[in-house]
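Inspection log for the structure reproduced underneath, given as structure tokens.
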Amino acid sequence: MQDGHPGSEEKAEFNAGELIMGHIADEHGWHIAGEFSIPLPIILYDTQRGLSVFSSARFEHGHAAYNGYMLHDGKVVAVDANGAIDEAASKHIWDISITKNVFSILLVTVLMLLIFPAVAKRYKQREGQAPKGLQSLLEPVILFVRDDVAKGAIGEKKYERFMPYLLTTFFIILFMNLLGLIPFFPGGATLTGNIAITFTLAVIVLFIVAFNGNGHYWRHIFAMPGVPAWVLLILTPVEILGMFLKPFVLMIRLFANLAAGHIIGLSFFSLIFVFGATSAAVGYGVSVVSLMFTVFMFFLELLVAFIQAYVFTFLAALYIGAAVEESHEHQESLV
Amino acid sequence: MLLASLVEPAFGLIFWMTLSFGIAFFLLTKFAWKPIMGALRDREKSIEDAIGEAKKAREEVAAMKAGNEELLREARAERDQMMKEAREIRDREVAQAKDRAKAEADALLARAREDIRNEKNAAITDMKNQLGELSIQVAERILREKLGDKHAQEALLQKVLKESDLRLS
């Protein structure tokens, strides 16, 4: 199949779709510019062959097999001695390589672990004083998560228990969104535009809601009080479906927003080369308009980065709020 | 093919994301969120306390001011009362003094009149006496003139004897 790297085929025709998908998708090496890319470690756990760790440079961008493994469509597959793909053996591979996205996840985690404990230390040093520096930049955001998200959605009594989760979620999404906006190394990996990331975040929401749901919450799912038995036959499956649907929607919303934003931005950018392929002059002419649109999309994305982090956290807090709600409050709201 | 890879969650990513989120969550909860939330709560509480104290102090000052005003008002009322009393006393004293002066003047006047009358009476009496003396002197002179010669004295004596003789008879 085709390779996303420009240098692989001489004078390859420009393919906008491939370029965009190549930027959105994960890769085992980090393509910096032109021919140069940073090889990242491949970590495989094969249920039959055990753990193997080696550099992605061994694959030579999918051209070579190494140790019975090969890169195919960006995926590690097992090959037999002849170099043919062994589908059955491939099923045994659990690929936990440090890919471009994994590297970015680790980078975000390290960044957060550097920034927030430092800010916390500042709070200890300047106890009772006004915030300063990074502390004053983050404090309004932390207060926003506390006052407008947690207190609003969960309620004054129980919000405190979920603050660490909500803050971690909010900032991890925000950092990932912003990191994806940096167009060069070590940014550029659109983490929240990757379904695996949003899937993980959504599963965490599902678990938190499920583990914190009180009797009142479960009763409303399995046997909505005050509803006739025959209606429950329909309602209960719908409620159970809804329980999974809510995090699912969170997953899709974040993924779609971020992925779409990047696709549109890159599409505008690709227009230059699409037109440039017909005539250089047209390419230069279009580049002005394209650049304007790309910059516009960049600012829109910046806005989306904050909004989506807020929306995800807020909706997660709402679901948690519904799960821990006391029964009498709900009864009143029903009337 | 490419689109499929876009919506198909990769196992490796889920694995690392879960691990990273878990590590970030536990470490940040311990070293960042709890201290930060605690510090924010403490600061908010201290600000709230400070505001409460300021409000209390303000109320105290207001109460003190009201007390002062009350005191001032009382003092003013007392002053007014004192001034009123002083004025009354003064008026009374002035009136009394006036009365006394008038009485004295009247008495003085009465005495003066008495004196004048006495003097006048004395003068009149004196004048009467002098007039009497004068008229006696005049009468003496006239008598001396008239009875200067012996004939006139004899005539008079004869006349007086005649009259007294008449009365005796």
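Please note that chains go A, B, ... in the order of the structure tokens, that every chain numbers its residues from 1, and that ligands are numbered from 1 in the order shown.
Non-sequential neighbours of range 201-206 of chain A (distance at most 6 Å, separation of 2 or more positions within a chain, only C-alpha atoms) are Thr198, Phe199, Ile208, Val209, Pro247 and Met251 of chain A.
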Go ahead and save the residues from that selection, with N, CA, C and O atoms, as a PDB file, in the first residue's frame.
ATOM      1  N   THR A 198     -10.118   9.240  23.431  1.00  0.00           N
ATOM      2  CA  THR A 198     -11.442   9.636  23.915  1.00  0.00           C
ATOM      3  C   THR A 198     -12.199   8.414  24.433  1.00  0.00           C
ATOM      4  O   THR A 198     -12.975   8.518  25.373  1.00  0.00           O
ATOM      5  N   PHE A 199     -11.931   7.263  23.831  1.00  0.00           N
ATOM      6  CA  PHE A 199     -12.535   6.014  24.315  1.00  0.00           C
ATOM      7  C   PHE A 199     -12.103   5.742  25.762  1.00  0.00           C
ATOM      8  O   PHE A 199     -12.929   5.451  26.625  1.00  0.00           O
ATOM      9  N   ILE A 208     -16.524   5.550  36.715  1.00  0.00           N
ATOM     10  CA  ILE A 208     -16.727   6.437  37.869  1.00  0.00           C
ATOM     11  C   ILE A 208     -18.209   6.553  38.186  1.00  0.00           C
ATOM     12  O   ILE A 208     -18.628   6.484  39.349  1.00  0.00           O
ATOM     13  N   VAL A 209     -19.021   6.708  37.136  1.00  0.00           N
ATOM     14  CA  VAL A 209     -20.466   6.806  37.348  1.00  0.00           C
ATOM     15  C   VAL A 209     -20.995   5.500  37.942  1.00  0.00           C
ATOM     16  O   VAL A 209     -21.763   5.501  38.900  1.00  0.00           O
ATOM     17  N   PRO A 247     -21.479   8.085  28.004  1.00  0.00           N
ATOM     18  CA  PRO A 247     -20.021   8.173  27.784  1.00  0.00           C
ATOM     19  C   PRO A 247     -19.660   8.019  26.316  1.00  0.00           C
ATOM     20  O   PRO A 247     -18.709   8.637  25.838  1.00  0.00           O
ATOM     21  N   MET A 251     -17.289  10.415  24.079  1.00  0.00           N
ATOM     22  CA  MET A 251     -16.167   9.940  23.282  1.00  0.00           C
ATOM     23  C   MET A 251     -16.236  10.499  21.868  1.00  0.00           C
ATOM     24  O   MET A 251     -15.270  11.068  21.362  1.00  0.00           O
TER      25      MET A 251
END
- Query: Could you write out as number ranges by chain the residues of chain B within 9 Å of chain A, counting only C-alpha atoms?
  - Reply: B: 1-3, 5-18, 20-21, 23-37, 39-40, 42-44, 46-47
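Take CA of Gly29 in chain A and CA of Ile263 in chain A: the distance between them is 21.0 Å.
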